[in-house]
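Peer 1: Sharing query02.pdb here; it has PDB, C-alpha atoms, pLDDT in the B column.
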```pdb
MODEL        1
ATOM      1  CA  MET A  15      -8.329 -10.063   6.037  1.00 95.00           C
ATOM      2  CA  ILE A  16      -5.773  -7.705   4.555  1.00 96.00           C
ATOM      3  CA  LYS A  17      -5.928  -4.164   5.904  1.00 97.00           C
ATOM      4  CA  VAL A  18      -4.341  -1.303   4.002  1.00 97.00           C
ATOM      5  CA  GLU A  19      -3.956   1.968   5.895  1.00 97.00           C
ATOM      6  CA  VAL A  20      -3.172   4.932   3.666  1.00 98.00           C
ATOM      7  CA  LYS A  21      -1.647   7.903   5.459  1.00 97.00           C
ATOM      8  CA  GLN A  22      -2.235  11.326   3.922  1.00 97.00           C
ATOM      9  CA  ASN A  23      -1.130  14.845   4.783  1.00 96.00           C
ATOM     10  CA  GLU A  24      -3.499  17.812   5.188  1.00 93.00           C
ATOM     11  CA  GLN A  25      -3.562  18.338   1.409  1.00 94.00           C
ATOM     12  CA  GLY A  26      -4.636  14.738   0.814  1.00 94.00           C
ATOM     13  CA  MET A  27      -1.286  13.630  -0.612  1.00 97.00           C
ATOM     14  CA  ILE A  28      -0.151  10.142   0.343  1.00 98.00           C
ATOM     15  CA  ILE A  29       2.796  10.136   2.747  1.00 98.00           C
ATOM     16  CA  GLY A  30       2.840   6.448   3.633  1.00 98.00           C
ATOM     17  CA  TYR A  31       0.938   3.210   3.948  1.00 98.00           C
ATOM     18  CA  LYS A  32       0.739   0.083   6.054  1.00 98.00           C
ATOM     19  CA  VAL A  33      -0.389  -3.332   4.872  1.00 97.00           C
ATOM     20  CA  SER A  34      -1.185  -6.003   7.431  1.00 95.00           C
ATOM     21  CA  GLY A  35      -2.799  -9.398   7.629  1.00 92.00           C
ATOM     22  CA  HIS A  36      -3.493 -12.207   5.229  1.00 90.00           C
ATOM     23  CA  ALA A  37      -6.500 -12.518   2.940  1.00 92.00           C
ATOM     24  CA  GLY A  38      -7.387 -16.086   3.856  1.00 88.00           C
ATOM     25  CA  TYR A  39      -8.806 -16.604   0.376  1.00 91.00           C
ATOM     26  CA  ALA A  40      -6.736 -19.767  -0.159  1.00 89.00           C
ATOM     27  CA  GLU A  41      -3.852 -21.652   1.423  1.00 87.00           C
ATOM     28  CA  GLU A  42      -0.515 -19.895   1.853  1.00 82.00           C
ATOM     29  CA  GLY A  43       1.345 -19.884  -1.444  1.00 83.00           C
ATOM     30  CA  GLU A  44      -1.910 -20.271  -3.385  1.00 92.00           C
ATOM     31  CA  ASP A  45      -3.702 -17.095  -2.285  1.00 93.00           C
ATOM     32  CA  ILE A  46      -4.090 -14.900  -5.371  1.00 96.00           C
ATOM     33  CA  ILE A  47      -5.516 -12.001  -3.373  1.00 96.00           C
ATOM     34  CA  CYS A  48      -2.473 -11.925  -1.065  1.00 94.00           C
ATOM     35  CA  SER A  49      -0.206 -12.153  -4.095  1.00 94.00           C
ATOM     36  CA  ALA A  50      -1.952  -9.301  -5.880  1.00 97.00           C
ATOM     37  CA  ILE A  51      -1.914  -6.998  -2.849  1.00 96.00           C
ATOM     38  CA  SER A  52       1.731  -7.857  -2.174  1.00 94.00           C
ATOM     39  CA  ALA A  53       2.738  -7.009  -5.735  1.00 96.00           C
ATOM     40  CA  LEU A  54       0.688  -3.802  -5.764  1.00 97.00           C
ATOM     41  CA  THR A  55       2.124  -2.563  -2.464  1.00 97.00           C
ATOM     42  CA  GLN A  56       5.753  -3.595  -3.034  1.00 96.00           C
ATOM     43  CA  ALA A  57       6.014  -2.095  -6.537  1.00 97.00           C
ATOM     44  CA  PRO A  58       5.621   1.534  -5.356  1.00 97.00           C
ATOM     45  CA  LEU A  59       8.499   1.065  -2.938  1.00 96.00           C
ATOM     46  CA  MET A  60      10.709   0.008  -5.842  1.00 96.00           C
ATOM     47  CA  GLY A  61       9.486   2.944  -7.924  1.00 97.00           C
ATOM     48  CA  LEU A  62      10.208   5.434  -5.157  1.00 98.00           C
ATOM     49  CA  GLU A  63      13.698   4.016  -4.616  1.00 97.00           C
ATOM     50  CA  ARG A  64      14.835   3.126  -8.107  1.00 97.00           C
ATOM     51  CA  HIS A  65      13.013   5.622 -10.310  1.00 96.00           C
ATOM     52  CA  LEU A  66      12.775   8.667  -8.053  1.00 97.00           C
ATOM     53  CA  LYS A  67      15.989   7.878  -6.113  1.00 97.00           C
ATOM     54  CA  LEU A  68      14.211   8.467  -2.791  1.00 97.00           C
ATOM     55  CA  LYS A  69      14.901   6.598   0.414  1.00 96.00           C
ATOM     56  CA  PRO A  70      11.531   5.936   2.021  1.00 97.00           C
ATOM     57  CA  VAL A  71      11.552   4.393   5.475  1.00 97.00           C
ATOM     58  CA  TYR A  72      10.061   0.909   5.426  1.00 97.00           C
ATOM     59  CA  THR A  73       9.732  -2.273   7.439  1.00 96.00           C
ATOM     60  CA  VAL A  74       8.741  -5.729   6.264  1.00 92.00           C
ATOM     61  CA  ASP A  75       7.700  -8.645   8.449  1.00 90.00           C
ATOM     62  CA  GLN A  76       6.712 -11.588   6.281  1.00 79.00           C
ATOM     63  CA  LYS A  77       5.698 -13.694   9.275  1.00 79.00           C
ATOM     64  CA  THR A  78       2.972 -11.258  10.364  1.00 81.00           C
ATOM     65  CA  GLY A  79       2.277  -9.958   6.850  1.00 78.00           C
ATOM     66  CA  ILE A  80       3.147  -6.347   7.662  1.00 94.00           C
ATOM     67  CA  LEU A  81       4.658  -3.881   5.212  1.00 96.00           C
ATOM     68  CA  GLU A  82       4.929  -0.291   6.360  1.00 97.00           C
ATOM     69  CA  VAL A  83       6.251   2.489   4.113  1.00 98.00           C
ATOM     70  CA  ALA A  84       6.703   6.194   4.881  1.00 98.00           C
ATOM     71  CA  LEU A  85       8.130   8.969   2.755  1.00 98.00           C
ATOM     72  CA  ASN A  86      11.034  10.694   4.452  1.00 95.00           C
ATOM     73  CA  SER A  87      10.617  13.829   2.362  1.00 95.00           C
ATOM     74  CA  ALA A  88       7.657  15.972   1.343  1.00 96.00           C
ATOM     75  CA  PRO A  89       5.298  14.321  -1.156  1.00 98.00           C
ATOM     76  CA  ASN A  90       5.176  15.760  -4.653  1.00 98.00           C
ATOM     77  CA  ASP A  91       3.401  15.078  -7.943  1.00 98.00           C
ATOM     78  CA  LEU A  92       5.733  12.171  -8.770  1.00 98.00           C
ATOM     79  CA  THR A  93       5.403  10.397  -5.416  1.00 98.00           C
ATOM     80  CA  GLU A  94       1.664  10.999  -5.571  1.00 98.00           C
ATOM     81  CA  ALA A  95       1.415   9.424  -9.043  1.00 98.00           C
ATOM     82  CA  ILE A  96       3.218   6.294  -7.872  1.00 98.00           C
ATOM     83  CA  LEU A  97       1.335   5.960  -4.577  1.00 98.00           C
ATOM     84  CA  ARG A  98      -2.085   6.916  -5.972  1.00 98.00           C
ATOM     85  CA  THR A  99      -1.677   4.273  -8.717  1.00 98.00           C
ATOM     86  CA  MET A 100      -1.005   1.689  -5.999  1.00 98.00           C
ATOM     87  CA  LEU A 101      -4.115   2.825  -4.153  1.00 98.00           C
ATOM     88  CA  LEU A 102      -6.251   2.574  -7.292  1.00 98.00           C
ATOM     89  CA  GLY A 103      -5.112  -1.024  -7.805  1.00 98.00           C
ATOM     90  CA  VAL A 104      -5.703  -1.977  -4.177  1.00 98.00           C
ATOM     91  CA  ALA A 105      -9.113  -0.264  -4.221  1.00 98.00           C
ATOM     92  CA  SER A 106     -10.086  -2.246  -7.312  1.00 97.00           C
ATOM     93  CA  ILE A 107      -9.344  -5.511  -5.519  1.00 97.00           C
ATOM     94  CA  ALA A 108     -11.051  -4.307  -2.321  1.00 97.00           C
ATOM     95  CA  ASN A 109     -14.185  -3.442  -4.318  1.00 97.00           C
ATOM     96  CA  GLN A 110     -14.236  -6.880  -5.951  1.00 96.00           C
ATOM     97  CA  CYS A 111     -13.330  -8.802  -2.784  1.00 96.00           C
ATOM     98  CA  PRO A 112     -14.547  -6.731   0.191  1.00 96.00           C
ATOM     99  CA  LYS A 113     -14.452  -9.602   2.655  1.00 96.00           C
ATOM    100  CA  TYR A 114     -10.711 -10.081   2.025  1.00 96.00           C
ATOM    101  CA  VAL A 115      -9.338  -6.514   1.665  1.00 97.00           C
ATOM    102  CA  ARG A 116     -10.150  -3.266   3.514  1.00 97.00           C
ATOM    103  CA  ILE A 117      -8.733   0.225   2.980  1.00 97.00           C
ATOM    104  CA  LYS A 118      -8.588   2.839   5.699  1.00 96.00           C
ATOM    105  CA  ASN A 119      -7.579   6.419   4.981  1.00 93.00           C
ATOM    106  CA  ILE A 120      -5.774   8.250   7.767  1.00 92.00           C
ATOM    107  CA  GLY A 121      -5.693  12.044   7.613  1.00 87.00           C
ATOM    108  CA  GLY A 122      -6.227  14.247   4.582  1.00 71.00           C
ATOM    109  CA  GLU A 123      -8.953  13.587   2.046  1.00 61.00           C
ATOM    110  CA  SER A 124     -10.384  10.132   1.311  1.00 54.00           C
ATOM    111  CA  ASN A 125     -10.506  10.298  -2.475  1.00 54.00           C
ATOM    112  CA  VAL A 126      -9.154   7.205  -4.215  1.00 57.00           C
TER     113      VAL A 126
ENDMDL
END
```
Take the structure in the file and give it back as structure tokens.
Peer 2:
Amino acid sequence: MIKVEVKQNEQGMIIGYKVSGHAGYAEEGEDIICSAISALTQAPLMGLERHLKLKPVYTVDQKTGILEVALNSAPNDLTEAILRTMLLGVASIANQCPKYVRIKNIGGESNV
């Protein structure tokens, strides 16, 4: 199962996220759920770096399936738009495939 932990500040703005595990929907390299979650959770990192010119702190471990991203500056409307869009996409997959993807909100509000 893929677990996505979304970290929020007291105002409910996303300040980071952690993705861990493998869906187990199909064999490695054929798993469309893993591929979709990977694309949805890697794209915001590129947007934060390339579009907003931010330098979020992140770690990637492909062997264990862990991606962890944290803003290193205060969230704002632009970071929130990028990260909330990611969360909407992940939530859509989690709603369609609940036995393969789980979302856990840490801190703040739990509105998707």
Peer 1: Which residues come within 10 Å of Asp75 in chain A, counting all atoms listed in the file, excluding same-chain residues fewer than 6 positions away, as a count of residues only?
Peer 2: 3
Peer 1: Would you work out the distance separating CA of Met60 in chain A from CA of Pro112 in chain A, expressed in Å to one decimal?
Peer 2: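 Distance reported for this atom pair: 26.8 Å.
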Peer 1: Env of Lys21 in chain A: 6 Å cut, atoms = only C-alpha atoms, seq-sep filter 2 positions within chain, self excluded. Answer as JSON, numbers by chain.
Peer 2: {"A": [28, 29, 30, 31, 120]}
Peer 1: Step by step, work through what the PyMOL selection byres ((chain A and resi 54) around 10) selects in the shown file, and finish by giving those residues as a list in words.
Peer 2: Cys48, Ser49, Ala50, Ile51, Ser52, Ala53, Thr55, Gln56, Ala57, Pro58, Leu59, Leu97, Thr99, Met100, Leu101, Leu102, Gly103 and Val104 of chain A
Peer 1: Near Val115 in chain A, counting all atoms listed in the file, which residues have an atom at most 8 Å away, once you skip same-chain residues fewer than 3 positions from it, shown as a list of chain:residue names?
Peer 2: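 After dropping sequence-adjacent residues, the list is A:Met15, A:Ile16, A:Lys17, A:Val18, A:Ala37, A:Ile107, A:Ala108, A:Cys111, A:Pro112.
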Peer 1: Using the chain letters and numbers from the file, which residues does the PyMOL selection byres ((chain A and resi 68) around 12) grab, as a PyMOL selection string?
Peer 2: chain A and resi 58-67+69-72+84-90+92-93
Peer 1: Now that the selection is made, can you save its residues with C-alpha atoms as an mmCIF file, keeping the file's coordinate frame?
Peer 2:
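Just written: selection07.cif:
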```
data_model
loop_
_atom_site.group_PDB
_atom_site.id
_atom_site.type_symbol
_atom_site.label_atom_id
_atom_site.label_comp_id
_atom_site.auth_asym_id
_atom_site.auth_seq_id
_atom_site.Cartn_x
_atom_site.Cartn_y
_atom_site.Cartn_z
ATOM 1 C CA PRO A 58 5.621 1.534 -5.356
ATOM 2 C CA LEU A 59 8.499 1.065 -2.938
ATOM 3 C CA MET A 60 10.709 0.008 -5.842
ATOM 4 C CA GLY A 61 9.486 2.944 -7.924
ATOM 5 C CA LEU A 62 10.208 5.434 -5.157
ATOM 6 C CA GLU A 63 13.698 4.016 -4.616
ATOM 7 C CA ARG A 64 14.835 3.126 -8.107
ATOM 8 C CA HIS A 65 13.013 5.622 -10.310
ATOM 9 C CA LEU A 66 12.775 8.667 -8.053
ATOM 10 C CA LYS A 67 15.989 7.878 -6.113
ATOM 11 C CA LYS A 69 14.901 6.598 0.414
ATOM 12 C CA PRO A 70 11.531 5.936 2.021
ATOM 13 C CA VAL A 71 11.552 4.393 5.475
ATOM 14 C CA TYR A 72 10.061 0.909 5.426
ATOM 15 C CA ALA A 84 6.703 6.194 4.881
ATOM 16 C CA LEU A 85 8.130 8.969 2.755
ATOM 17 C CA ASN A 86 11.034 10.694 4.452
ATOM 18 C CA SER A 87 10.617 13.829 2.362
ATOM 19 C CA ALA A 88 7.657 15.972 1.343
ATOM 20 C CA PRO A 89 5.298 14.321 -1.156
ATOM 21 C CA ASN A 90 5.176 15.760 -4.653
ATOM 22 C CA LEU A 92 5.733 12.171 -8.770
ATOM 23 C CA THR A 93 5.403 10.397 -5.416
#
```
Peer 1: As an exercise, work out the distance from CA of Gln110 in chain A to CA of Val33 in chain A in Å and give it to one decimal place.
Peer 2: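 These two atoms are separated by 17.9 Å.
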Peer 1: Taking the file above as input, evaluate the PyMOL selection byres ((chain A and resi 25) around 10) and report the hits as an mmCIF file with C-alpha atoms, in the frame of the given file.
Peer 2:
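The resulting file, expr21.cif, is shown below:
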```
data_model
loop_
_atom_site.group_PDB
_atom_site.id
_atom_site.type_symbol
_atom_site.label_atom_id
_atom_site.label_comp_id
_atom_site.auth_asym_id
_atom_site.auth_seq_id
_atom_site.Cartn_x
_atom_site.Cartn_y
_atom_site.Cartn_z
ATOM 1 C CA GLN A 22 -2.235 11.326 3.922
ATOM 2 C CA ASN A 23 -1.130 14.845 4.783
ATOM 3 C CA GLU A 24 -3.499 17.812 5.188
ATOM 4 C CA GLY A 26 -4.636 14.738 0.814
ATOM 5 C CA MET A 27 -1.286 13.630 -0.612
ATOM 6 C CA ILE A 28 -0.151 10.142 0.343
ATOM 7 C CA GLY A 121 -5.693 12.044 7.613
ATOM 8 C CA GLY A 122 -6.227 14.247 4.582
ATOM 9 C CA GLU A 123 -8.953 13.587 2.046
#
```
Peer 1: Which of these residues is nearest to His36 in chain A, using all atoms listed in the file: A:Asn119, A:Val83, A:Asp91, A:Gln76?
Peer 2: A:Gln76
Peer 1: So the first atom is CA of Ala95 in chain A and the second is CA of Tyr39 in chain A; what is the distance between them in Å, to one decimal place?
Peer 2: 29.5 Å
Peer 1: Between A:Ile96, A:Ile46, A:Ala105, A:Ile117, single out the one closest to Lys32 in chain A, counting all atoms listed in the file.
Peer 2: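 Under the stated criterion, the closest residue is A:Ile117.
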Peer 1: Complete the atoms of range 20-51 of chain A to N, CA and C atoms and put them out as a short mmCIF file (atom, residue, chain, number, x, y, z; two decimals), keeping the file's coordinate frame.
Peer 2:
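Result file result-v1.cif:
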```cif
data_model
loop_
_atom_site.label_atom_id
_atom_site.label_comp_id
_atom_site.auth_asym_id
_atom_site.auth_seq_id
_atom_site.Cartn_x
_atom_site.Cartn_y
_atom_site.Cartn_z
N VAL A 20 -3.82 3.93 4.51
CA VAL A 20 -3.17 4.93 3.67
C VAL A 20 -3.08 6.22 4.46
N LYS A 21 -1.87 6.68 4.68
CA LYS A 21 -1.65 7.90 5.46
C LYS A 21 -1.47 9.08 4.52
N GLN A 22 -2.25 10.14 4.78
CA GLN A 22 -2.24 11.33 3.92
C GLN A 22 -1.95 12.57 4.76
N ASN A 23 -1.34 13.57 4.10
CA ASN A 23 -1.13 14.84 4.78
C ASN A 23 -2.39 15.69 4.68
N GLU A 24 -2.33 16.92 5.17
CA GLU A 24 -3.50 17.81 5.19
C GLU A 24 -4.02 18.13 3.79
N GLN A 25 -3.15 18.07 2.79
CA GLN A 25 -3.56 18.34 1.41
C GLN A 25 -4.10 17.10 0.71
N GLY A 26 -4.12 15.98 1.41
CA GLY A 26 -4.64 14.74 0.81
C GLY A 26 -3.61 13.96 0.03
N MET A 27 -2.34 14.37 0.10
CA MET A 27 -1.29 13.63 -0.61
C MET A 27 -0.82 12.46 0.25
N ILE A 28 -0.56 11.34 -0.38
CA ILE A 28 -0.15 10.14 0.34
C ILE A 28 1.29 10.30 0.85
N ILE A 29 1.47 10.03 2.14
CA ILE A 29 2.80 10.14 2.75
C ILE A 29 3.29 8.78 3.26
N GLY A 30 2.44 7.77 3.20
CA GLY A 30 2.84 6.45 3.63
C GLY A 30 1.67 5.48 3.63
N TYR A 31 1.98 4.22 3.87
CA TYR A 31 0.94 3.21 3.95
C TYR A 31 1.42 2.02 4.76
N LYS A 32 0.45 1.29 5.28
CA LYS A 32 0.74 0.08 6.05
C LYS A 32 -0.20 -1.02 5.57
N VAL A 33 0.38 -2.16 5.31
CA VAL A 33 -0.39 -3.33 4.87
C VAL A 33 -0.20 -4.40 5.94
N SER A 34 -1.30 -4.97 6.41
CA SER A 34 -1.18 -6.00 7.43
C SER A 34 -2.21 -7.10 7.20
N GLY A 35 -1.88 -8.27 7.68
CA GLY A 35 -2.80 -9.40 7.63
C GLY A 35 -2.64 -10.27 6.39
N HIS A 36 -3.46 -11.27 6.35
CA HIS A 36 -3.49 -12.21 5.23
C HIS A 36 -4.95 -12.33 4.77
N ALA A 37 -5.14 -12.49 3.49
CA ALA A 37 -6.50 -12.52 2.94
C ALA A 37 -7.29 -13.73 3.44
N GLY A 38 -6.66 -14.88 3.47
CA GLY A 38 -7.39 -16.09 3.86
C GLY A 38 -8.29 -16.60 2.74
N TYR A 39 -8.02 -16.17 1.53
CA TYR A 39 -8.81 -16.60 0.38
C TYR A 39 -8.48 -18.05 0.01
N ALA A 40 -7.20 -18.42 0.15
CA ALA A 40 -6.74 -19.77 -0.16
C ALA A 40 -5.55 -20.07 0.74
N GLU A 41 -5.00 -21.27 0.63
CA GLU A 41 -3.85 -21.65 1.42
C GLU A 41 -2.65 -20.79 1.08
N GLU A 42 -1.74 -20.66 2.07
CA GLU A 42 -0.52 -19.90 1.85
C GLU A 42 0.22 -20.42 0.63
N GLY A 43 0.67 -19.51 -0.20
CA GLY A 43 1.34 -19.88 -1.44
C GLY A 43 0.40 -20.05 -2.62
N GLU A 44 -0.90 -20.10 -2.35
CA GLU A 44 -1.91 -20.27 -3.38
C GLU A 44 -2.90 -19.11 -3.41
N ASP A 45 -2.73 -18.17 -2.49
CA ASP A 45 -3.70 -17.10 -2.28
C ASP A 45 -3.45 -15.96 -3.28
N ILE A 46 -4.29 -15.90 -4.32
CA ILE A 46 -4.09 -14.90 -5.37
C ILE A 46 -4.38 -13.48 -4.89
N ILE A 47 -5.23 -13.34 -3.89
CA ILE A 47 -5.52 -12.00 -3.37
C ILE A 47 -4.30 -11.48 -2.61
N CYS A 48 -3.69 -12.32 -1.77
CA CYS A 48 -2.47 -11.92 -1.06
C CYS A 48 -1.37 -11.58 -2.07
N SER A 49 -1.24 -12.39 -3.08
CA SER A 49 -0.21 -12.15 -4.10
C SER A 49 -0.42 -10.82 -4.81
N ALA A 50 -1.65 -10.55 -5.17
CA ALA A 50 -1.95 -9.30 -5.88
C ALA A 50 -1.68 -8.09 -5.00
N ILE A 51 -2.14 -8.13 -3.76
CA ILE A 51 -1.91 -7.00 -2.85
C ILE A 51 -0.43 -6.84 -2.56
#
```
